[in-house]
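This is work29.txt. It holds compact mmCIF, C-alpha atoms.
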# COMPACT_ATOMS: atom_id res chain seq x y z
CA MET U 1 11.00 -10.72 -6.17
CA TYR U 2 8.45 -12.51 -3.98
CA PHE U 3 7.25 -10.84 -0.78
CA LEU U 4 4.69 -13.49 0.21
CA PRO U 5 5.74 -16.80 1.77
CA GLU U 6 6.37 -19.31 -1.01
CA LYS U 7 3.45 -21.61 -0.16
CA LEU U 8 1.02 -18.70 0.00
CA ASP U 9 2.35 -17.30 -3.26
CA ASP U 10 1.92 -20.71 -4.89
CA TYR U 11 -1.69 -20.77 -3.67
CA VAL U 12 -2.37 -17.33 -5.17
CA VAL U 13 -0.94 -18.39 -8.53
CA ALA U 14 -2.80 -21.71 -8.51
CA HIS U 15 -6.11 -19.91 -8.02
CA SER U 16 -5.56 -17.34 -10.75
CA GLN U 17 -6.13 -17.57 -14.50
CA GLU U 18 -3.62 -19.76 -16.30
CA GLU U 19 -1.02 -18.38 -18.68
CA PRO U 20 -1.98 -18.69 -22.39
CA GLU U 21 0.03 -21.17 -24.45
CA LEU U 22 1.56 -18.51 -26.70
CA LEU U 23 2.99 -16.71 -23.67
CA GLN U 24 4.36 -19.99 -22.35
CA GLN U 25 6.19 -20.39 -25.66
CA LEU U 26 7.48 -16.82 -25.48
CA THR U 27 8.75 -17.41 -21.95
CA ARG U 28 10.58 -20.61 -22.91
CA GLU U 29 12.30 -19.01 -25.88
CA THR U 30 13.19 -15.90 -23.88
CA TYR U 31 14.93 -18.05 -21.26
CA GLN U 32 16.69 -20.05 -23.97
CA LYS U 33 17.95 -17.17 -26.11
CA ILE U 34 17.76 -13.76 -24.40
CA LEU U 35 19.98 -12.22 -21.75
CA GLN U 36 18.35 -11.26 -18.43
CA PRO U 37 15.13 -13.25 -18.93
CA ILE U 38 14.15 -12.29 -15.37
CA MET U 39 12.96 -9.01 -16.92
CA LEU U 40 9.85 -10.83 -18.15
CA SER U 41 6.64 -9.80 -16.41
CA GLY U 42 5.88 -13.47 -15.76
CA PRO U 43 2.61 -15.43 -15.72
CA TYR U 44 0.99 -14.04 -12.57
CA GLN U 45 1.76 -10.37 -13.19
CA GLY U 46 0.86 -10.93 -16.82
CA ARG U 47 -2.62 -12.07 -15.79
CA VAL U 48 -2.91 -8.97 -13.60
CA LEU U 49 -2.02 -6.74 -16.56
CA SER U 50 -4.45 -8.63 -18.76
CA MET U 51 -7.26 -8.24 -16.23
CA ILE U 52 -6.68 -4.50 -15.81
CA SER U 53 -6.66 -4.09 -19.58
CA LYS U 54 -9.87 -6.08 -19.97
CA LEU U 55 -11.57 -4.05 -17.23
CA LYS U 56 -10.49 -0.78 -18.86
CA SER U 57 -11.06 -1.94 -22.45
CA PRO U 58 -8.57 0.60 -23.84
CA LYS U 59 -8.57 1.99 -27.33
CA THR U 60 -4.95 3.08 -26.99
CA VAL U 61 -2.06 1.71 -24.92
CA LEU U 62 1.48 3.02 -24.57
CA GLU U 63 4.20 0.74 -23.23
CA LEU U 64 7.64 2.00 -22.22
CA GLY U 65 10.00 -0.97 -22.27
CA THR U 66 9.01 -3.86 -24.55
CA PHE U 67 11.74 -6.42 -23.78
CA THR U 68 10.49 -9.59 -25.56
CA GLY U 69 6.86 -8.49 -25.73
CA TYR U 70 5.30 -10.52 -22.92
CA ALA U 71 3.55 -7.64 -21.16
CA THR U 72 2.65 -6.15 -24.54
CA LEU U 73 0.62 -9.23 -25.42
CA CYS U 74 -1.01 -9.29 -21.99
CA LEU U 75 -2.14 -5.67 -22.34
CA ALA U 76 -3.34 -6.38 -25.89
CA GLU U 77 -5.88 -8.88 -24.57
CA GLY U 78 -8.16 -6.04 -23.45
CA LEU U 79 -7.83 -3.84 -26.54
CA GLN U 80 -10.93 -2.65 -28.32
CA ALA U 81 -11.37 -4.09 -31.81
CA GLU U 82 -9.91 -0.98 -33.45
CA GLY U 83 -7.40 -0.35 -30.67
CA ARG U 84 -3.63 -0.02 -30.87
CA ILE U 85 -0.54 -0.40 -28.73
CA ASP U 86 2.54 1.76 -29.17
CA THR U 87 5.48 0.02 -27.52
CA ILE U 88 8.94 1.56 -27.19
CA ASP U 89 12.27 -0.16 -26.63
CA ILE U 90 15.87 0.86 -27.15
CA ASN U 91 17.23 -2.62 -27.96
CA GLU U 92 17.27 -3.15 -31.73
CA GLU U 93 18.33 -6.79 -31.34
CA LEU U 94 14.96 -7.68 -29.81
CA MET U 95 12.77 -6.20 -32.56
CA ASP U 96 12.49 -9.36 -34.68
CA PHE U 97 11.91 -11.55 -31.62
CA GLN U 98 9.08 -9.29 -30.47
CA ARG U 99 7.51 -9.14 -33.90
CA LYS U 100 7.55 -12.91 -34.30
CA TYR U 101 5.36 -13.34 -31.23
CA PHE U 102 3.20 -10.32 -31.96
CA ASP U 103 2.39 -11.78 -35.37
CA LYS U 104 1.68 -15.21 -33.88
CA SER U 105 -1.04 -13.55 -31.81
CA GLU U 106 -4.33 -12.12 -33.00
CA TYR U 107 -3.11 -8.62 -32.08
CA GLY U 108 -0.09 -8.31 -34.37
CA ALA U 109 -1.49 -5.65 -36.71
CA ARG U 110 -2.49 -3.50 -33.74
CA ILE U 111 0.95 -3.50 -32.07
CA HIS U 112 3.29 -0.76 -33.31
CA GLN U 113 6.96 -1.01 -32.37
CA HIS U 114 9.12 2.08 -31.85
CA LEU U 115 12.90 1.79 -31.60
CA GLY U 116 14.93 4.34 -29.66
CA SER U 117 14.86 6.43 -26.52
CA ALA U 118 11.39 6.88 -25.08
CA LEU U 119 12.38 10.43 -24.12
CA ASP U 120 12.77 11.20 -27.84
CA ILE U 121 9.86 9.14 -29.14
CA ILE U 122 7.08 10.09 -26.71
CA PRO U 123 6.88 13.75 -27.83
CA LYS U 124 6.46 12.58 -31.45
CA LEU U 125 3.49 10.29 -30.78
CA LYS U 126 0.18 11.59 -32.08
CA HIS U 127 -2.21 9.70 -29.81
CA THR U 128 -3.69 10.08 -26.36
CA TYR U 129 -3.78 6.97 -24.21
CA ASP U 130 -6.14 5.00 -22.01
CA ILE U 131 -3.36 2.88 -20.44
CA VAL U 132 0.34 3.61 -20.08
CA PHE U 133 2.67 0.89 -18.77
CA ILE U 134 6.03 2.15 -17.48
CA ASP U 135 8.63 -0.62 -17.28
CA ALA U 136 11.86 0.85 -18.61
CA ASP U 137 15.04 2.39 -17.14
CA LYS U 138 14.37 3.47 -13.58
CA PRO U 139 16.35 6.76 -13.56
CA ASN U 140 13.91 8.17 -16.14
CA TYR U 141 10.64 7.06 -14.52
CA SER U 142 9.78 10.57 -13.34
CA ASN U 143 10.77 12.04 -16.71
CA TYR U 144 8.46 9.59 -18.44
CA PHE U 145 5.60 10.56 -16.14
CA HIS U 146 6.00 14.25 -16.91
CA LEU U 147 6.13 13.51 -20.65
CA ILE U 148 3.02 11.33 -20.79
CA ILE U 149 0.66 12.77 -18.18
CA ASP U 150 -0.90 15.34 -20.53
CA ASN U 151 -1.39 12.65 -23.19
CA ILE U 152 -3.43 10.38 -20.94
CA ASN U 153 -7.19 10.55 -21.35
CA PRO U 154 -9.34 11.44 -18.31
CA GLY U 155 -9.89 8.22 -16.39
CA GLY U 156 -6.81 6.74 -18.03
CA ILE U 157 -4.50 4.39 -16.14
CA ILE U 158 -0.75 4.52 -15.53
CA LEU U 159 0.75 1.17 -14.54
CA SER U 160 4.26 1.46 -13.05
CA ASP U 161 6.37 -1.66 -12.57
CA ASN U 162 9.19 -2.43 -10.10
CA VAL U 163 8.10 0.25 -7.63
CA LEU U 164 9.33 -1.83 -4.66
CA TRP U 165 12.69 -2.33 -6.41
CA HIS U 166 13.67 -5.62 -4.76
CA GLY U 167 12.78 -4.19 -1.35
CA LYS U 168 15.45 -1.49 -1.58
CA VAL U 169 12.84 1.23 -1.12
CA ILE U 170 12.78 0.56 2.64
CA GLU U 171 16.54 0.11 3.11
CA PRO U 172 19.06 2.86 3.93
CA LEU U 173 19.80 4.70 0.70
CA ASP U 174 23.26 4.55 -0.84
CA GLU U 175 23.55 7.94 -2.55
CA LYS U 176 25.47 6.27 -5.39
CA ASP U 177 22.48 4.03 -6.10
CA THR U 178 20.79 6.23 -8.66
CA SER U 179 18.14 3.67 -9.62
CA THR U 180 16.83 3.24 -6.07
CA LYS U 181 16.78 7.00 -5.53
CA ALA U 182 14.89 7.43 -8.80
CA VAL U 183 12.28 4.87 -7.76
CA LEU U 184 11.85 6.55 -4.36
CA ASP U 185 11.40 9.95 -6.01
CA PHE U 186 8.97 8.49 -8.53
CA ASN U 187 6.86 6.81 -5.84
CA THR U 188 6.65 10.13 -3.97
CA LEU U 189 5.70 11.91 -7.19
CA LEU U 190 2.81 9.52 -7.86
CA LYS U 191 1.57 9.81 -4.29
CA ASN U 192 1.58 13.62 -4.29
CA ASP U 193 0.58 14.64 -7.82
CA SER U 194 -2.94 16.09 -7.63
CA ARG U 195 -3.80 15.07 -11.20
CA ILE U 196 -3.93 11.38 -10.33
CA GLU U 197 -5.10 9.01 -7.63
CA THR U 198 -2.73 6.16 -6.84
CA VAL U 199 -2.61 2.79 -5.14
CA MET U 200 0.56 0.69 -4.83
CA LEU U 201 0.11 -3.07 -5.03
CA PRO U 202 2.64 -5.54 -3.54
CA ILE U 203 2.53 -7.69 -6.68
CA ARG U 204 5.88 -9.31 -7.49
CA ASP U 205 8.36 -6.38 -7.46
CA GLY U 206 5.60 -3.85 -6.91
CA LEU U 207 2.99 -2.48 -9.33
CA THR U 208 1.43 0.94 -8.89
CA VAL U 209 -1.93 1.75 -10.45
CA SER U 210 -2.59 5.46 -10.97
CA ARG U 211 -5.82 6.88 -12.43
CA LYS U 212 -5.93 10.29 -14.06
CA LYS U 213 -8.74 12.38 -12.65

Please go through the file and, once you have read it, give me the structure as C-alpha cells.
Amino acid sequence: MYFLPEKLDDYVVAHSQEEPELLQQLTRETYQKILQPIMLSGPYQGRVLSMISKLKSPKTVLELGTFTGYATLCLAEGLQAEGRIDTIDINEELMDFQRKYFDKSEYGARIHQHLGSALDIIPKLKHTYDIVFIDADKPNYSNYFHLIIDNINPGGIILSDNVLWHGKVIEPLDEKDTSTKAVLDFNTLLKNDSRIETVMLPIRDGLTVSRKK
C-alpha cells in the first residue's frame, strides 16, 4: 500500500538505490509462477532492508516468513563474512524456488531454510540474533516477539513489516477481524515494552524498527 501521493512516491524511488538484477529476476518469476506475488517486499522496501542490514553488519539474522526469498537476499547483503541467516516458512512448495535464488546469489551457503511453524522452530534454534525480521502471519506477531526477544543480542534490531496493515489500524475495528486486532496489539506491545526502543516508519505498508537496549 502507498501512503504518499504517487508522484512523490515515484520521486522517492527514483532517488534511491536501484534494485539488483538478481532481485529483478526473482520478482519477475514470482509474478509469473507464484500465488499472491504482492507479498514480495518490493524494490524500495528491499533497499531499506538492505541499508539497515549494511548499517548493522549482522553476524546472525532471523527471518520469520520467507515467501520467495526476496527480503532474505536483501538482508543478506549486510551479513558479515562468516554470518548466517535462519529463515522460516511454512510453505513447503516454495522451498525449491527460494533455494534456486539463494544459490544464484553469493550468500547461498549462509542462508539456512527451516520448514514449519515458527512457533515450533524458534525455540529449537541455537543462535542469538543481531537482526530479526517479522513478516509472517499477523495473529502470531506478538507470540513471535515474546519467543525471540531473549534471543536478540543487546543492540539488536527487530524489523516488523505490515504494521499499518493497509491503513486498517486507524479504522473502526471489526471484532471479527483478528489480523487487524493482532497488529494493533502488537504495535502497542512494541511501543510499551521497556526492553526495546521503537520507531514506526510509514514505508509501504508500515515498517517498525525496534532496538533492544

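Interatomic distance, CA of Lys126 (chain U) to CA of Tyr141 (chain U): 20.9 Å.
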
- Can you list, as a list in words, every protein, DNA or RNA residue that comes within 8 Å of Arg47 (chain U) when you count all atoms listed in the file, leaving out same-chain residues fewer than 3 positions away? Ser16, Gln17, Glu18, Glu19, Pro43, Tyr44, Ser50, Met51 and Cys74 of chain U

- Message: Quick one: residues within 8 Å of Thr68 (chain U), all atoms listed in the file, excluding same-chain residues fewer than 2 positions away - as a VMD selection string?
- Response: chain U and resid 26 30 40 66 70 94 97 to 98

- Message: So that I can see what lies close to Asp161 (chain U), please list as a PyMOL selection string the residues with an atom at most 8 Å from it, counting all atoms listed in the file and leaving out residues fewer than 3 positions away in the same chain.
- Response: chain U and resi 133-135+205-208

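Distance-wise, CA of Glu82 (chain U) and CA of Val61 (chain U) end up 11.9 Å apart.
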
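Among the candidates U:Pro58, U:Pro20, U:Pro172, U:Gly116, the residue lying nearest to Val132 (chain U) is U:Pro58 (atoms considered: only C-alpha atoms).
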
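Using all atoms listed in the file, the nearest neighbour of Pro139 (chain U) within the list U:Asp103, U:Asp185, U:Glu63, U:Asp120 is U:Asp185.
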
- Message: Show me, as a VMD selection string, the residues that have an atom within 12 Å of Thr188 (chain U) when counting only C-alpha atoms, minus same-chain residues fewer than 3 positions from it.
- Response: chain U and resid 141 to 142 163 169 181 to 185 191 to 194 198 to 200 208

- Could you please determine the separation between CA of Lys56 (chain U) and CA of Tyr11 (chain U) in Å, to one decimal place? 26.6 Å
